[in-house]
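J.: The structure that follows is given in the form of structure tokens.
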Amino acid sequence: MAKFITEFKEFATRGNVVDMAVGVIIGGAFGKIVTSIVDDLLMPLIGQVLGNANFTDLYCVLGGNPVPEGTSLAAAREAGAAVFAYGNFIQNVINFLIIAFCIFMMVKGMNKLNKKKEEAPAPDPEPSAEEKLLTEIRDLLAKK
């Protein structure tokens with residue numbers, strides 16, 4: 001059991017695991033921001049363009065209790081109807097596309113920064129005092 005705990009401690013304290021944990025936490029927060037952008041900013045605009053359509057209320061009744069036309073998704077579910085809620089799916093696809101685009105732009109920017117770092121050559125190091133002295137001796141011997 002002690003060996004297992006030691007191995008787990010080594011695994012958990014590796015840099016990659018910590019980096020991954022930070023990425024997951026930031027990704028969760030980023031997902032909430034994107035969801036808010038989609039739900040609160042983009043979808044109302046798209047719904048307005050499409051004639052006041054609310055994507056979260058787009059559904060088809062598959063069976064169960066019949067519901068009147070124009071009933072909200074929540075009311076249809078509460079009435080016991082089996083619904084095919086494709087509006088939520090459309091909204092989740094849009095969320096995914098926005099998150100994927102943002103991550104693509106972030107990775108593209110990081111690659112561009114890394115490429116610039118690689119292109120810049122490091123300056124030649126200053127010769128040490130010993131090297132300077134040896135160079136002077138070589139130059140004096142060459143003159144004789």
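Each chain of the structure tokens is named A, B, ... in the order shown, its residues numbered from 1; ligands are numbered from 1 in display order.
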Counting only C-alpha atoms, which residues of region 93-127 of chain A sit at most 10 Å from some atom of region 30-44 of chain A, and what is each one's closest atom pair with its distance in Å to one decimal, listed by chain and rising residue number, as a tab-separated table?
T.:
residue	atom	partner	partner_atom	distance
A:Ile94	CA	A:Val38	CA	7.3
A:Asn95	CA	A:Thr35	CA	6.1
A:Phe96	CA	A:Val34	CA	8.9
A:Ile98	CA	A:Val34	CA	7.1
A:Ile99	CA	A:Val34	CA	6.7
A:Cys102	CA	A:Val34	CA	9.4
J.: Using DSSP on the backbone, list every residue of chain A that comes out as strand (DSSP E), and give them as a ChimeraX atom specification.
T.: /A:60-64,81-84
J.: Skipping near chain neighbours, those fewer than 2 positions away, what residues fall within 12 Å of Leu58 (chain A) using only C-alpha atoms, listed as number ranges by chain?
T.: A: 47, 52-56, 60-61, 69-74, 76, 83-91
J.: CA of Ala142 (chain A) to CA of Glu126 (chain A): how many Å, to one decimal?
T.: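 One can read the CA of Ala142 (chain A) to CA of Glu126 (chain A) distance as 23.1 Å.
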J.: With distances taken over only C-alpha atoms, which of A:Ile25, A:Met106, A:Leu62, A:Ile5 is nearest to Arg77 (chain A)?
T.: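 Looking only at the distances to Arg77 (chain A), the closest residue turns out to be A:Leu62.
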J.: Could you go through region 84-133 of chain A and tell me which residues DSSP, when run on the backbone, assigns to alpha helix (DSSP H), listing them as JSON, numbers by chain?
T.: {"A": [86, 87, 88, 89, 90, 91, 92, 93, 94, 95, 96, 97, 98, 99, 100, 101, 102, 103, 104, 105, 106, 107, 108, 109, 110, 111, 112, 113, 114, 115, 116, 117, 118, 119, 129, 130, 131, 132, 133]}
J.: Generate a file of the selected residues that holds N, CA, C and O atoms, formatted as a compact mmCIF listing (two decimals), in the first residue's frame.
T.:
# COMPACT_ATOMS: atom_id res chain seq x y z
N TYR A 86 -34.59 19.80 -30.22
CA TYR A 86 -33.47 20.08 -31.12
C TYR A 86 -32.93 21.50 -30.96
O TYR A 86 -31.81 21.79 -31.35
N GLY A 87 -33.70 22.40 -30.36
CA GLY A 87 -33.23 23.76 -30.14
C GLY A 87 -32.05 23.81 -29.18
O GLY A 87 -31.08 24.54 -29.40
N ASN A 88 -32.11 23.02 -28.11
CA ASN A 88 -30.99 22.94 -27.18
C ASN A 88 -29.75 22.39 -27.88
O ASN A 88 -28.63 22.83 -27.61
N PHE A 89 -29.96 21.42 -28.75
CA PHE A 89 -28.83 20.86 -29.49
C PHE A 89 -28.19 21.92 -30.38
O PHE A 89 -26.97 22.05 -30.42
N ILE A 90 -28.99 22.70 -31.09
CA ILE A 90 -28.46 23.78 -31.94
C ILE A 90 -27.65 24.75 -31.09
O ILE A 90 -26.55 25.17 -31.47
N GLN A 91 -28.18 25.10 -29.94
CA GLN A 91 -27.49 26.04 -29.06
C GLN A 91 -26.15 25.45 -28.57
O GLN A 91 -25.14 26.14 -28.53
N ASN A 92 -26.13 24.17 -28.23
CA ASN A 92 -24.89 23.54 -27.78
C ASN A 92 -23.87 23.43 -28.91
O ASN A 92 -22.66 23.55 -28.67
N VAL A 93 -24.34 23.21 -30.14
CA VAL A 93 -23.42 23.18 -31.29
C VAL A 93 -22.78 24.56 -31.48
O VAL A 93 -21.58 24.67 -31.72
N ILE A 94 -23.58 25.61 -31.35
CA ILE A 94 -23.04 26.96 -31.48
C ILE A 94 -22.04 27.23 -30.36
O ILE A 94 -20.96 27.80 -30.60
N ASN A 95 -22.34 26.81 -29.14
CA ASN A 95 -21.39 26.94 -28.03
C ASN A 95 -20.07 26.26 -28.38
O ASN A 95 -18.99 26.83 -28.19
N PHE A 96 -20.16 25.02 -28.87
CA PHE A 96 -18.96 24.27 -29.21
C PHE A 96 -18.15 24.98 -30.29
O PHE A 96 -16.92 25.08 -30.19
N LEU A 97 -18.81 25.46 -31.33
CA LEU A 97 -18.10 26.13 -32.41
C LEU A 97 -17.38 27.38 -31.93
O LEU A 97 -16.25 27.66 -32.33
N ILE A 98 -18.01 28.14 -31.04
CA ILE A 98 -17.37 29.34 -30.51
C ILE A 98 -16.17 28.96 -29.65
O ILE A 98 -15.09 29.56 -29.76
N ILE A 99 -16.32 27.97 -28.79
CA ILE A 99 -15.20 27.53 -27.94
C ILE A 99 -14.06 27.01 -28.82
O ILE A 99 -12.90 27.35 -28.61
N ALA A 100 -14.39 26.19 -29.82
CA ALA A 100 -13.35 25.65 -30.71
C ALA A 100 -12.63 26.77 -31.45
O ALA A 100 -11.40 26.74 -31.59
N PHE A 101 -13.37 27.78 -31.91
CA PHE A 101 -12.75 28.90 -32.61
C PHE A 101 -11.83 29.68 -31.68
O PHE A 101 -10.71 30.04 -32.06
N CYS A 102 -12.28 29.94 -30.46
CA CYS A 102 -11.45 30.67 -29.49
C CYS A 102 -10.17 29.89 -29.16
O CYS A 102 -9.09 30.47 -29.09
N ILE A 103 -10.28 28.60 -28.96
CA ILE A 103 -9.10 27.79 -28.66
C ILE A 103 -8.16 27.77 -29.86
O ILE A 103 -6.95 27.88 -29.71
N PHE A 104 -8.72 27.67 -31.07
CA PHE A 104 -7.90 27.71 -32.27
C PHE A 104 -7.12 29.02 -32.35
O PHE A 104 -5.91 29.02 -32.63
N MET A 105 -7.79 30.14 -32.09
CA MET A 105 -7.11 31.44 -32.14
C MET A 105 -6.04 31.54 -31.06
O MET A 105 -4.96 32.10 -31.29
N MET A 106 -6.32 30.99 -29.87
CA MET A 106 -5.34 31.02 -28.79
C MET A 106 -4.10 30.20 -29.16
O MET A 106 -2.96 30.65 -28.98
N VAL A 107 -4.30 28.99 -29.68
CA VAL A 107 -3.18 28.14 -30.06
C VAL A 107 -2.40 28.77 -31.20
O VAL A 107 -1.17 28.75 -31.21
N LYS A 108 -3.11 29.36 -32.15
CA LYS A 108 -2.44 30.03 -33.27
C LYS A 108 -1.57 31.18 -32.75
O LYS A 108 -0.44 31.35 -33.20
N GLY A 109 -2.08 31.96 -31.81
CA GLY A 109 -1.30 33.05 -31.22
C GLY A 109 -0.09 32.54 -30.47
O GLY A 109 1.00 33.12 -30.56
N MET A 110 -0.26 31.47 -29.70
CA MET A 110 0.85 30.90 -28.95
C MET A 110 1.93 30.37 -29.90
O MET A 110 3.11 30.55 -29.66
N ASN A 111 1.51 29.72 -30.99
CA ASN A 111 2.48 29.22 -31.97
C ASN A 111 3.24 30.37 -32.61
O ASN A 111 4.44 30.26 -32.87
N LYS A 112 2.56 31.47 -32.88
CA LYS A 112 3.21 32.62 -33.47
C LYS A 112 4.25 33.21 -32.52
O LYS A 112 5.35 33.57 -32.92
N LEU A 113 3.89 33.29 -31.22
CA LEU A 113 4.83 33.79 -30.22
C LEU A 113 6.04 32.88 -30.10
O LEU A 113 7.18 33.34 -30.01
N ASN A 114 5.81 31.57 -30.07
CA ASN A 114 6.92 30.61 -29.97
C ASN A 114 7.81 30.67 -31.20
O ASN A 114 9.03 30.53 -31.08
N LYS A 115 7.24 30.89 -32.37
CA LYS A 115 8.03 30.97 -33.60
C LYS A 115 8.94 32.19 -33.56
O LYS A 115 10.09 32.11 -33.94
N LYS A 116 8.44 33.31 -33.05
CA LYS A 116 9.25 34.52 -32.94
C LYS A 116 10.40 34.31 -31.97
O LYS A 116 11.51 34.78 -32.20
N LYS A 117 10.15 33.60 -30.89
CA LYS A 117 11.20 33.33 -29.91
C LYS A 117 12.30 32.47 -30.53
O LYS A 117 13.47 32.67 -30.27
N GLU A 118 11.91 31.49 -31.35
CA GLU A 118 12.88 30.60 -31.98
C GLU A 118 13.71 31.33 -33.04
O GLU A 118 14.87 31.03 -33.22
N GLU A 119 13.11 32.29 -33.74
CA GLU A 119 13.80 32.99 -34.81
C GLU A 119 14.87 33.94 -34.29
O GLU A 119 15.86 34.17 -34.95
N ALA A 129 37.67 36.83 -19.19
CA ALA A 129 38.95 37.55 -19.06
C ALA A 129 40.10 36.66 -19.51
O ALA A 129 41.06 37.13 -20.14
N GLU A 130 40.02 35.38 -19.22
CA GLU A 130 41.06 34.44 -19.61
C GLU A 130 41.16 34.33 -21.14
O GLU A 130 42.25 34.33 -21.71
N GLU A 131 40.00 34.27 -21.81
CA GLU A 131 39.99 34.19 -23.26
C GLU A 131 40.56 35.46 -23.89
O GLU A 131 41.27 35.41 -24.90
N LYS A 132 40.21 36.62 -23.30
CA LYS A 132 40.75 37.90 -23.81
C LYS A 132 42.28 37.92 -23.70
O LYS A 132 42.98 38.34 -24.62
N LEU A 133 42.78 37.45 -22.56
CA LEU A 133 44.22 37.43 -22.35
C LEU A 133 44.90 36.50 -23.34
O LEU A 133 45.93 36.84 -23.94
